[in-house]
>>> print(open('final.cif').read())   # mmCIF, C-alpha atoms and all ligand atoms
data_my_file
#
loop_
_atom_site.group_PDB
_atom_site.id
_atom_site.type_symbol
_atom_site.label_atom_id
_atom_site.label_comp_id
_atom_site.auth_asym_id
_atom_site.auth_seq_id
_atom_site.Cartn_x
_atom_site.Cartn_y
_atom_site.Cartn_z
ATOM 1 C CA MET A 28 -54.863 54.451 -50.978
ATOM 2 C CA ARG A 29 -51.691 56.485 -51.108
ATOM 3 C CA LYS A 30 -51.254 59.116 -48.420
ATOM 4 C CA VAL A 31 -49.321 61.967 -49.960
ATOM 5 C CA ARG A 32 -48.836 64.314 -47.052
ATOM 6 C CA THR A 33 -49.906 64.762 -43.492
ATOM 7 C CA ALA A 34 -49.805 67.673 -41.095
ATOM 8 C CA SER A 35 -46.319 66.580 -40.056
ATOM 9 C CA VAL A 36 -44.841 67.381 -43.463
ATOM 10 C CA GLY A 37 -42.515 70.391 -43.323
ATOM 11 C CA THR A 38 -44.075 73.671 -44.400
ATOM 12 C CA ALA A 39 -41.566 74.471 -47.141
ATOM 13 C CA ARG A 40 -41.890 71.035 -48.681
ATOM 14 C CA ARG A 41 -45.654 71.123 -48.410
ATOM 15 C CA HIS A 42 -45.877 74.495 -50.095
ATOM 16 C CA ARG A 43 -43.588 73.307 -52.892
ATOM 17 C CA ALA A 44 -45.676 70.207 -53.289
ATOM 18 C CA LEU A 45 -48.894 72.178 -53.279
ATOM 19 C CA GLY A 46 -47.588 74.276 -56.144
ATOM 20 C CA HIS A 47 -49.745 72.422 -58.667
ATOM 21 C CA ARG A 48 -52.670 71.460 -56.471
ATOM 22 C CA SER A 49 -56.054 71.374 -58.076
ATOM 23 C CA GLY A 50 -57.405 73.913 -55.605
ATOM 24 C CA THR A 51 -55.202 76.933 -56.003
ATOM 25 C CA GLY A 52 -51.645 75.914 -56.876
ATOM 26 C CA ARG A 53 -49.787 77.463 -59.762
ATOM 27 C CA SER A 54 -50.755 75.846 -63.024
ATOM 28 C CA GLY A 55 -48.101 73.733 -64.606
ATOM 29 C CA THR A 56 -45.591 73.600 -61.722
ATOM 30 C CA ARG A 57 -44.556 69.997 -61.074
ATOM 31 C CA SER A 58 -42.611 68.004 -58.526
ATOM 32 C CA ARG A 59 -41.437 64.460 -59.210
ATOM 33 C CA LYS A 60 -42.341 63.184 -55.740
ATOM 34 C CA VAL A 61 -45.946 64.338 -55.904
ATOM 35 C CA PRO A 62 -48.537 62.411 -57.904
ATOM 36 C CA SER A 63 -50.118 64.236 -60.812
ATOM 37 C CA ASP A 64 -53.319 66.156 -60.241
ATOM 38 C CA HIS A 65 -55.246 63.508 -62.135
ATOM 39 C CA GLN A 66 -53.634 60.644 -60.165
ATOM 40 C CA ARG A 67 -54.310 62.330 -56.861
ATOM 41 C CA MET A 68 -57.958 62.957 -57.735
ATOM 42 C CA GLN A 69 -58.453 59.307 -58.568
ATOM 43 C CA GLU A 70 -56.631 58.083 -55.486
ATOM 44 C CA GLY A 71 -58.529 60.463 -53.246
ATOM 45 C CA SER A 72 -55.221 61.385 -51.668
ATOM 46 C CA TRP A 73 -56.240 64.832 -50.440
ATOM 47 C CA SER A 74 -55.248 65.161 -46.835
ATOM 48 C CA ARG A 75 -56.310 67.484 -44.070
ATOM 49 C CA ALA A 76 -53.161 69.556 -44.521
ATOM 50 C CA ASP A 77 -53.889 69.926 -48.242
ATOM 51 C CA ALA A 78 -57.421 71.031 -47.491
ATOM 52 C CA VAL A 79 -56.389 73.675 -45.005
ATOM 53 C CA ALA A 80 -53.554 74.991 -47.189
ATOM 54 C CA VAL A 81 -55.343 74.885 -50.522
ATOM 55 C CA LEU A 82 -59.096 74.404 -50.345
ATOM 56 C CA ASP A 83 -59.559 76.810 -47.433
ATOM 57 C CA SER A 84 -57.384 79.536 -48.915
ATOM 58 C CA PRO A 85 -59.143 82.917 -48.478
ATOM 59 C CA ALA A 86 -58.295 83.848 -52.088
ATOM 60 C CA ARG A 87 -60.782 81.214 -53.258
ATOM 61 C CA LEU A 88 -63.686 83.133 -51.763
ATOM 62 C CA SER A 89 -63.115 86.012 -54.129
ATOM 63 C CA SER A 90 -62.342 83.924 -57.198
ATOM 64 C CA GLN A 91 -65.207 81.385 -56.830
ATOM 65 C CA ASP A 92 -67.692 82.710 -54.283
ATOM 66 C CA PRO A 93 -69.936 79.750 -53.285
ATOM 67 C CA SER A 94 -72.748 81.961 -51.981
ATOM 68 C CA ARG A 95 -72.880 83.715 -55.342
ATOM 69 C CA LEU A 96 -73.096 80.342 -57.065
ATOM 70 C CA TRP A 97 -75.979 79.165 -54.895
ATOM 71 C CA ARG A 98 -77.881 82.409 -55.520
ATOM 72 C CA ARG A 99 -77.265 82.206 -59.248
ATOM 73 C CA VAL A 100 -78.601 78.636 -59.506
ATOM 74 C CA ASP A 101 -81.533 79.516 -57.249
ATOM 75 C CA LEU A 102 -80.883 76.972 -54.499
ATOM 76 C CA LYS A 103 -83.884 77.054 -52.175
ATOM 77 C CA PRO A 104 -84.715 76.385 -48.530
ATOM 78 C CA GLY A 105 -85.739 72.743 -48.222
ATOM 79 C CA ASP A 106 -83.611 71.537 -51.164
ATOM 80 C CA ILE A 107 -81.524 68.373 -50.915
ATOM 81 C CA VAL A 108 -77.964 68.812 -52.205
ATOM 82 C CA VAL A 109 -75.269 66.231 -52.868
ATOM 83 C CA ASP A 110 -71.748 67.678 -53.124
ATOM 84 C CA VAL A 111 -69.593 65.037 -54.806
ATOM 85 C CA GLY A 112 -65.905 65.600 -54.055
ATOM 86 C CA ALA A 113 -66.826 68.052 -51.304
ATOM 87 C CA GLY A 114 -63.275 68.448 -49.985
ATOM 88 C CA SER A 115 -63.265 70.649 -46.884
ATOM 89 C CA GLY A 116 -66.876 71.726 -47.471
ATOM 90 C CA PHE A 117 -66.151 74.943 -49.372
ATOM 91 C CA TYR A 118 -69.427 74.667 -51.329
ATOM 92 C CA ALA A 119 -71.273 72.354 -48.929
ATOM 93 C CA PHE A 120 -71.392 74.614 -45.836
ATOM 94 C CA PRO A 121 -72.772 77.645 -47.740
ATOM 95 C CA ALA A 122 -75.331 75.282 -49.338
ATOM 96 C CA ALA A 123 -76.394 74.073 -45.882
ATOM 97 C CA ALA A 124 -76.992 77.694 -44.842
ATOM 98 C CA VAL A 125 -79.263 78.236 -47.845
ATOM 99 C CA VAL A 126 -81.300 75.013 -47.657
ATOM 100 C CA GLY A 127 -81.857 75.507 -43.944
ATOM 101 C CA PRO A 128 -83.304 73.085 -41.390
ATOM 102 C CA GLY A 129 -85.866 71.731 -43.846
ATOM 103 C CA GLY A 130 -83.169 70.758 -46.356
ATOM 104 C CA ARG A 131 -80.084 68.581 -46.303
ATOM 105 C CA VAL A 132 -76.578 68.596 -47.757
ATOM 106 C CA TYR A 133 -74.574 65.419 -48.245
ATOM 107 C CA ALA A 134 -70.848 66.229 -48.391
ATOM 108 C CA VAL A 135 -69.422 63.227 -50.242
ATOM 109 C CA ASP A 136 -65.716 62.490 -50.579
ATOM 110 C CA VAL A 137 -63.369 59.531 -51.059
ATOM 111 C CA SER A 138 -60.862 60.954 -48.566
ATOM 112 C CA PRO A 139 -61.531 59.670 -45.027
ATOM 113 C CA GLU A 140 -59.466 62.560 -43.630
ATOM 114 C CA LEU A 141 -61.631 65.155 -45.341
ATOM 115 C CA VAL A 142 -64.869 63.418 -44.410
ATOM 116 C CA GLU A 143 -63.692 63.548 -40.802
ATOM 117 C CA LEU A 144 -62.673 67.201 -41.158
ATOM 118 C CA VAL A 145 -66.133 68.103 -42.472
ATOM 119 C CA ARG A 146 -67.766 66.100 -39.674
ATOM 120 C CA GLU A 147 -65.748 68.007 -37.051
ATOM 121 C CA ARG A 148 -66.603 71.340 -38.655
ATOM 122 C CA ALA A 149 -70.292 70.490 -38.809
ATOM 123 C CA VAL A 150 -70.309 69.510 -35.124
ATOM 124 C CA LYS A 151 -68.321 72.572 -34.085
ATOM 125 C CA GLY A 152 -70.539 74.906 -36.118
ATOM 126 C CA LYS A 153 -73.737 73.083 -35.076
ATOM 127 C CA VAL A 154 -74.587 72.554 -38.733
ATOM 128 C CA ARG A 155 -77.119 69.788 -38.303
ATOM 129 C CA ASN A 156 -78.368 69.589 -41.874
ATOM 130 C CA LEU A 157 -74.984 68.629 -43.341
ATOM 131 C CA GLU A 158 -74.021 64.975 -43.469
ATOM 132 C CA PRO A 159 -70.486 63.885 -44.412
ATOM 133 C CA VAL A 160 -70.439 60.715 -46.519
ATOM 134 C CA LEU A 161 -67.422 58.547 -47.321
ATOM 135 C CA SER A 162 -67.627 57.198 -50.870
ATOM 136 C CA THR A 163 -65.553 55.187 -53.315
ATOM 137 C CA PRO A 164 -65.061 56.149 -56.965
ATOM 138 C CA LYS A 165 -67.703 53.551 -57.855
ATOM 139 C CA ARG A 166 -70.208 53.878 -55.030
ATOM 140 C CA ILE A 167 -71.819 56.729 -53.096
ATOM 141 C CA PRO A 168 -73.812 55.170 -50.246
ATOM 142 C CA ILE A 169 -76.948 57.281 -50.668
ATOM 143 C CA GLU A 170 -80.281 56.087 -52.045
ATOM 144 C CA ASP A 171 -81.423 56.831 -55.592
ATOM 145 C CA ALA A 172 -83.087 60.049 -56.738
ATOM 146 C CA VAL A 173 -82.945 61.982 -53.458
ATOM 147 C CA ALA A 174 -81.263 65.159 -54.653
ATOM 148 C CA ASP A 175 -82.666 68.359 -56.084
ATOM 149 C CA VAL A 176 -79.118 69.476 -56.871
ATOM 150 C CA ALA A 177 -75.813 67.639 -57.241
ATOM 151 C CA ILE A 178 -72.621 69.661 -57.461
ATOM 152 C CA LEU A 179 -69.260 68.703 -58.906
ATOM 153 C CA ALA A 180 -66.889 71.539 -58.030
ATOM 154 C CA ASN A 181 -63.357 71.419 -59.403
ATOM 155 C CA VAL A 182 -63.550 67.645 -59.750
ATOM 156 C CA LEU A 183 -64.902 66.614 -63.164
ATOM 157 C CA HIS A 184 -61.454 66.859 -64.778
ATOM 158 C CA GLY A 185 -60.142 64.199 -62.391
ATOM 159 C CA ILE A 186 -62.918 61.762 -61.476
ATOM 160 C CA PRO A 187 -63.835 58.539 -63.267
ATOM 161 C CA SER A 188 -67.051 58.160 -65.194
ATOM 162 C CA THR A 189 -68.369 55.779 -62.513
ATOM 163 C CA THR A 190 -68.490 58.674 -60.027
ATOM 164 C CA VAL A 191 -70.468 60.791 -62.489
ATOM 165 C CA ASP A 192 -72.894 57.859 -62.918
ATOM 166 C CA GLU A 193 -73.355 57.878 -59.164
ATOM 167 C CA ALA A 194 -73.989 61.638 -59.054
ATOM 168 C CA VAL A 195 -76.637 61.259 -61.759
ATOM 169 C CA ARG A 196 -78.232 58.287 -59.956
ATOM 170 C CA LEU A 197 -78.735 60.457 -56.870
ATOM 171 C CA LEU A 198 -80.605 63.187 -58.778
ATOM 172 C CA ARG A 199 -84.385 63.122 -58.841
ATOM 173 C CA PRO A 200 -85.978 63.477 -62.291
ATOM 174 C CA GLY A 201 -85.894 67.211 -63.008
ATOM 175 C CA GLY A 202 -83.004 67.621 -60.534
ATOM 176 C CA ARG A 203 -79.975 69.608 -61.641
ATOM 177 C CA LEU A 204 -76.280 68.834 -61.776
ATOM 178 C CA VAL A 205 -74.104 71.925 -61.270
ATOM 179 C CA ASN A 206 -70.590 71.522 -62.620
ATOM 180 C CA VAL A 207 -68.073 74.192 -61.574
ATOM 181 C CA ASP A 208 -64.664 73.889 -63.168
ATOM 182 C CA TRP A 209 -61.531 75.722 -64.161
ATOM 183 C CA LYS A 210 -61.495 77.448 -67.542
ATOM 184 C CA LYS A 211 -59.119 75.672 -69.880
ATOM 185 C CA GLU A 212 -56.662 78.534 -70.110
ATOM 186 C CA PRO A 213 -53.645 79.663 -68.103
ATOM 187 C CA THR A 214 -54.677 81.130 -64.743
ATOM 188 C CA PRO A 215 -52.519 82.225 -61.787
ATOM 189 C CA GLU A 216 -53.794 79.194 -59.870
ATOM 190 C CA GLY A 217 -55.413 75.828 -60.545
ATOM 191 C CA PRO A 218 -54.492 72.462 -62.049
ATOM 192 C CA PRO A 219 -52.335 72.103 -65.156
ATOM 193 C CA VAL A 220 -54.204 73.418 -68.202
ATOM 194 C CA ARG A 221 -53.819 70.084 -69.994
ATOM 195 C CA HIS A 222 -55.932 68.387 -67.316
ATOM 196 C CA ARG A 223 -58.804 70.844 -67.609
ATOM 197 C CA LEU A 224 -61.953 70.536 -69.706
ATOM 198 C CA THR A 225 -63.422 73.255 -71.890
ATOM 199 C CA LEU A 226 -67.100 74.051 -71.440
ATOM 200 C CA ARG A 227 -67.756 72.144 -74.646
ATOM 201 C CA GLU A 228 -65.803 69.088 -73.406
ATOM 202 C CA ALA A 229 -67.594 69.156 -70.055
ATOM 203 C CA THR A 230 -70.947 69.412 -71.854
ATOM 204 C CA ALA A 231 -70.087 66.390 -74.022
ATOM 205 C CA ALA A 232 -68.884 64.399 -70.996
ATOM 206 C CA LEU A 233 -72.012 65.090 -68.944
ATOM 207 C CA THR A 234 -74.634 64.787 -71.680
ATOM 208 C CA ALA A 235 -73.149 61.308 -72.286
ATOM 209 C CA HIS A 236 -74.600 60.460 -68.849
ATOM 210 C CA GLY A 237 -78.118 61.317 -70.035
ATOM 211 C CA LEU A 238 -78.256 64.909 -68.744
ATOM 212 C CA THR A 239 -79.628 67.914 -70.643
ATOM 213 C CA PRO A 240 -77.724 71.232 -70.509
ATOM 214 C CA VAL A 241 -79.922 74.090 -69.294
ATOM 215 C CA ASP A 242 -77.540 76.936 -68.405
ATOM 216 C CA SER A 243 -73.914 78.031 -68.343
ATOM 217 C CA PHE A 244 -72.171 81.121 -66.991
ATOM 218 C CA GLU A 245 -68.893 82.378 -65.556
ATOM 219 C CA LEU A 246 -68.135 82.272 -61.840
ATOM 220 C CA GLY A 247 -65.338 84.731 -61.123
ATOM 221 C CA PRO A 248 -62.333 85.115 -63.395
ATOM 222 C CA TYR A 249 -61.171 81.487 -63.588
ATOM 223 C CA HIS A 250 -64.253 79.274 -63.536
ATOM 224 C CA TYR A 251 -67.246 78.381 -65.636
ATOM 225 C CA VAL A 252 -70.431 76.747 -64.451
ATOM 226 C CA LEU A 253 -72.484 74.298 -66.473
ATOM 227 C CA VAL A 254 -75.961 73.357 -65.244
ATOM 228 C CA LEU A 255 -77.664 70.238 -66.585
ATOM 229 C CA GLU A 256 -80.968 68.599 -65.780
ATOM 230 C CA ARG A 257 -81.848 64.962 -65.294
ATOM 231 C CA PRO A 258 -84.778 64.525 -67.691
ATOM 232 C CA ARG A 259 -88.192 63.641 -66.324
ATOM 233 C CA PRO A 260 -89.708 60.458 -67.732
ATOM 234 C CA PRO A 261 -92.231 61.156 -70.473
ATOM 235 C CA ARG A 262 -95.840 61.179 -69.283
ATOM 236 C CA LEU A 263 -97.887 58.344 -70.717
ATOM 237 C CA PRO A 264 -101.393 59.196 -71.884
ATOM 238 C CA GLY A 265 -104.000 58.247 -69.268
ATOM 239 C CA HIS A 266 -105.555 55.473 -71.355
ATOM 240 C CA LEU A 267 -102.160 53.696 -71.575
ATOM 241 C CA VAL A 268 -101.537 53.922 -67.838
ATOM 242 C CA SER A 269 -104.887 52.364 -67.008
ATOM 243 C CA ALA A 270 -104.732 49.734 -69.787
ATOM 244 C CA GLU A 271 -104.604 46.805 -67.338
HETATM 245 C C1 LIG A 301 -59.895 69.791 -55.929
HETATM 246 S S1 LIG A 301 -60.703 69.133 -54.520
HETATM 247 C C2 LIG A 301 -62.247 70.028 -54.641
HETATM 248 C C3 LIG A 301 -62.978 70.107 -53.347
HETATM 249 C C4 LIG A 301 -64.249 70.969 -53.371
HETATM 250 N N1 LIG A 301 -65.196 70.514 -54.356
HETATM 251 C C5 LIG A 301 -63.885 72.417 -53.594
HETATM 252 O O1 LIG A 301 -64.036 72.919 -54.711
HETATM 253 O O2 LIG A 301 -63.432 73.050 -52.635
HETATM 254 C C6 LIG A 301 -61.160 67.508 -55.083
HETATM 255 C C7 LIG A 301 -61.860 66.652 -54.055
HETATM 256 O O3 LIG A 301 -62.442 65.525 -54.716
HETATM 257 C C8 LIG A 301 -62.222 64.366 -53.948
HETATM 258 N N2 LIG A 301 -62.318 63.228 -54.861
HETATM 259 C C9 LIG A 301 -61.403 62.761 -55.742
HETATM 260 N N3 LIG A 301 -61.902 61.730 -56.449
HETATM 261 C C10 LIG A 301 -63.174 61.549 -56.019
HETATM 262 C C11 LIG A 301 -64.212 60.632 -56.362
HETATM 263 N N4 LIG A 301 -64.058 59.706 -57.313
HETATM 264 N N5 LIG A 301 -65.389 60.702 -55.691
HETATM 265 C C12 LIG A 301 -65.575 61.639 -54.709
HETATM 266 N N6 LIG A 301 -64.614 62.531 -54.342
HETATM 267 C C13 LIG A 301 -63.442 62.494 -54.998
HETATM 268 C C14 LIG A 301 -60.856 64.595 -53.314
HETATM 269 O O4 LIG A 301 -60.647 63.814 -52.154
HETATM 270 C C15 LIG A 301 -60.931 66.091 -53.000
HETATM 271 O O5 LIG A 301 -61.488 66.326 -51.740
#
>>> encode(input="final.cif", output="structure tokens")
Amino acid sequence: MRKVRTASVGTARRHRALGHRSGTGRSGTRSRKVPSDHQRMQEGSWSRADAVAVLDSPARLSSQDPSRLWRRVDLKPGDIVVDVGAGSGFYAFPAAAVVGPGGRVYAVDVSPELVELVRERAVKGKVRNLEPVLSTPKRIPIEDAVADVAILANVLHGIPSTTVDEAVRLLRPGGRLVNVDWKKEPTPEGPPVRHRLTLREATAALTAHGLTPVDSFELGPYHYVLVLERPRPPRLPGHLVSAE
């Protein structure tokens, strides 16, 4: 796995490099030394320094308020949430506050540095219902059908289909996948427009994994949210169930 930057990287260089980050960087700005947004997503090369500079930027709270999202999708105390590509925990920690001690949030990421960062934050904040999980693009080490809600926030445009398969595997029948992503239009921040998916493209990509769209709405000025459900298996008539 390629490490792009660490905390020792000079501030000016880091800020230049972060210019096109998927989190908040200016759309379209490029640097030859930095892998493309898509490459970096697939390599899981987000570092701690990236997370602090980009994913924890206070401006994000106003443009994509996670608490507003969780209210809007009616996340409940006791729910089990899997945040795939959780980064620094921007959506996962507010989810843990909502689901409370009877619920659980798995903050899944391919970046060991970010999994460790989330672990430290959970310990420091005494957030006992949040579990950081290190994954690979092909495998999330969590058992099948545990989740009421899976979230993909700012990641669908850069993750392989195998990761989406894993997110769907973790959903219980009737569970919902919440996809938050950048609108495919120029915005003052975010990944290059050519890497983004329209709502229609995201719907096509996720219904191809067997999910059924149930809702969509805007979250702040730059993001849309698409909610899909994992279908429940059809109920067999009683006489067929007891046939043997
Ligand atoms: C743009 S950040 C988004 C973080 C967080 N969802 C947010 O909105 O603040 C993308 C995150 O996805 C992770 N990632 C990239 N590819 C992944 C994959 N295949 N499976 C899980 N996480 C992945 C990266 O390490 C990074 O933390």
>>> residues_around(input="final.cif", residues="range 258-265 of chain A", least_positions_apart="6", cutoff="12 Å", atoms="all atoms listed in the file", output="PyMOL selection string")
chain A and resi 172+195-196+198-204+234+236-241+271
>>> write_last_selection(input="final.cif", atoms="C-alpha atoms", output="mmCIF file, in the coordinates of the input")
data_model
loop_
_atom_site.group_PDB
_atom_site.id
_atom_site.type_symbol
_atom_site.label_atom_id
_atom_site.label_comp_id
_atom_site.auth_asym_id
_atom_site.auth_seq_id
_atom_site.Cartn_x
_atom_site.Cartn_y
_atom_site.Cartn_z
ATOM 1 C CA ALA A 172 -83.087 60.049 -56.738
ATOM 2 C CA VAL A 195 -76.637 61.259 -61.759
ATOM 3 C CA ARG A 196 -78.232 58.287 -59.956
ATOM 4 C CA LEU A 198 -80.605 63.187 -58.778
ATOM 5 C CA ARG A 199 -84.385 63.122 -58.841
ATOM 6 C CA PRO A 200 -85.978 63.477 -62.291
ATOM 7 C CA GLY A 201 -85.894 67.211 -63.008
ATOM 8 C CA GLY A 202 -83.004 67.621 -60.534
ATOM 9 C CA ARG A 203 -79.975 69.608 -61.641
ATOM 10 C CA LEU A 204 -76.280 68.834 -61.776
ATOM 11 C CA THR A 234 -74.634 64.787 -71.680
ATOM 12 C CA HIS A 236 -74.600 60.460 -68.849
ATOM 13 C CA GLY A 237 -78.118 61.317 -70.035
ATOM 14 C CA LEU A 238 -78.256 64.909 -68.744
ATOM 15 C CA THR A 239 -79.628 67.914 -70.643
ATOM 16 C CA PRO A 240 -77.724 71.232 -70.509
ATOM 17 C CA VAL A 241 -79.922 74.090 -69.294
ATOM 18 C CA GLU A 271 -104.604 46.805 -67.338
#
>>> resolve_selection(input="final.cif", expression="the PyMOL selection byres (((chain A and resi 166) around 12) and not hetatm)", output="CSV table (one decimal) with C-alpha atoms, in the frame of the given file")
chain,number,residue,atom,x,y,z
A,111,VAL,CA,-69.6,65.0,-54.8
A,135,VAL,CA,-69.4,63.2,-50.2
A,136,ASP,CA,-65.7,62.5,-50.6
A,137,VAL,CA,-63.4,59.5,-51.1
A,160,VAL,CA,-70.4,60.7,-46.5
A,161,LEU,CA,-67.4,58.5,-47.3
A,162,SER,CA,-67.6,57.2,-50.9
A,163,THR,CA,-65.6,55.2,-53.3
A,164,PRO,CA,-65.1,56.1,-57.0
A,165,LYS,CA,-67.7,53.6,-57.9
A,167,ILE,CA,-71.8,56.7,-53.1
A,168,PRO,CA,-73.8,55.2,-50.2
A,169,ILE,CA,-76.9,57.3,-50.7
A,170,GLU,CA,-80.3,56.1,-52.0
A,171,ASP,CA,-81.4,56.8,-55.6
A,187,PRO,CA,-63.8,58.5,-63.3
A,188,SER,CA,-67.1,58.2,-65.2
A,189,THR,CA,-68.4,55.8,-62.5
A,190,THR,CA,-68.5,58.7,-60.0
A,191,VAL,CA,-70.5,60.8,-62.5
A,192,ASP,CA,-72.9,57.9,-62.9
A,193,GLU,CA,-73.4,57.9,-59.2
A,194,ALA,CA,-74.0,61.6,-59.1
A,195,VAL,CA,-76.6,61.3,-61.8
A,196,ARG,CA,-78.2,58.3,-60.0
A,197,LEU,CA,-78.7,60.5,-56.9
>>> closest_residue(input="final.cif", among="A:Ala235, A:Val220, A:His250, A:Arg155", to="ligand LIG 301 (chain A)", atoms="only C-alpha atoms and all ligand atoms")
A:His250
>>> axis_aligned_box(input="final.cif", around="ligand LIG 301 (chain A)", padding_each_side="4 Å", output="lines of an AutoDock Vina configuration file")
center_x = -62.7
center_y = 66.4
center_z = -54.5
size_x = 13.7
size_y = 21.3
size_z = 13.6
>>> closest_residue(input="final.cif", among="A:Ala124, A:Leu141, A:Ala229, A:Val205", to="ligand LIG 301 (chain A)", atoms="all atoms listed in the file")
A:Leu141
>>> decode(input="final.cif", residues="range 155-188 of chain A", atoms="C-alpha atoms", output="PDB file, in the first residue's frame")
ATOM      1  CA  ARG A 155     -17.790   2.278  23.866  1.00  0.00           C
ATOM      2  CA  ASN A 156     -20.333   1.416  21.192  1.00  0.00           C
ATOM      3  CA  LEU A 157     -18.029   2.264  18.277  1.00  0.00           C
ATOM      4  CA  GLU A 158     -15.713  -0.411  16.944  1.00  0.00           C
ATOM      5  CA  PRO A 159     -12.988   0.407  14.399  1.00  0.00           C
ATOM      6  CA  VAL A 160     -12.520  -2.344  11.811  1.00  0.00           C
ATOM      7  CA  LEU A 161      -9.636  -2.714   9.364  1.00  0.00           C
ATOM      8  CA  SER A 162     -10.859  -4.044   6.017  1.00  0.00           C
ATOM      9  CA  THR A 163      -9.537  -4.780   2.549  1.00  0.00           C
ATOM     10  CA  PRO A 164     -11.319  -3.764  -0.656  1.00  0.00           C
ATOM     11  CA  LYS A 165     -12.572  -7.353  -0.926  1.00  0.00           C
ATOM     12  CA  ARG A 166     -13.284  -8.282   2.679  1.00  0.00           C
ATOM     13  CA  ILE A 167     -14.876  -6.595   5.693  1.00  0.00           C
ATOM     14  CA  PRO A 168     -14.338  -8.896   8.683  1.00  0.00           C
ATOM     15  CA  ILE A 169     -17.865  -8.656  10.089  1.00  0.00           C
ATOM     16  CA  GLU A 170     -20.503 -11.388   9.993  1.00  0.00           C
ATOM     17  CA  ASP A 171     -23.378 -11.379   7.508  1.00  0.00           C
ATOM     18  CA  ALA A 172     -26.630  -9.455   7.912  1.00  0.00           C
ATOM     19  CA  VAL A 173     -25.844  -7.657  11.177  1.00  0.00           C
ATOM     20  CA  ALA A 174     -26.564  -4.086  10.138  1.00  0.00           C
ATOM     21  CA  ASP A 175     -29.745  -2.051  10.178  1.00  0.00           C
ATOM     22  CA  VAL A 176     -27.929   0.686   8.260  1.00  0.00           C
ATOM     23  CA  ALA A 177     -24.773   0.754   6.148  1.00  0.00           C
ATOM     24  CA  ILE A 178     -23.368   4.103   5.082  1.00  0.00           C
ATOM     25  CA  LEU A 179     -21.071   4.940   2.195  1.00  0.00           C
ATOM     26  CA  ALA A 180     -20.139   8.599   2.619  1.00  0.00           C
ATOM     27  CA  ASN A 181     -18.056  10.247  -0.086  1.00  0.00           C
ATOM     28  CA  VAL A 182     -16.666   6.884  -1.159  1.00  0.00           C
ATOM     29  CA  LEU A 183     -18.838   5.254  -3.837  1.00  0.00           C
ATOM     30  CA  HIS A 184     -17.097   7.172  -6.639  1.00  0.00           C
ATOM     31  CA  GLY A 185     -13.779   5.574  -5.677  1.00  0.00           C
ATOM     32  CA  ILE A 186     -14.353   2.088  -4.264  1.00  0.00           C
ATOM     33  CA  PRO A 187     -14.442  -1.190  -6.184  1.00  0.00           C
ATOM     34  CA  SER A 188     -17.617  -3.167  -6.631  1.00  0.00           C
TER      35      SER A 188
END
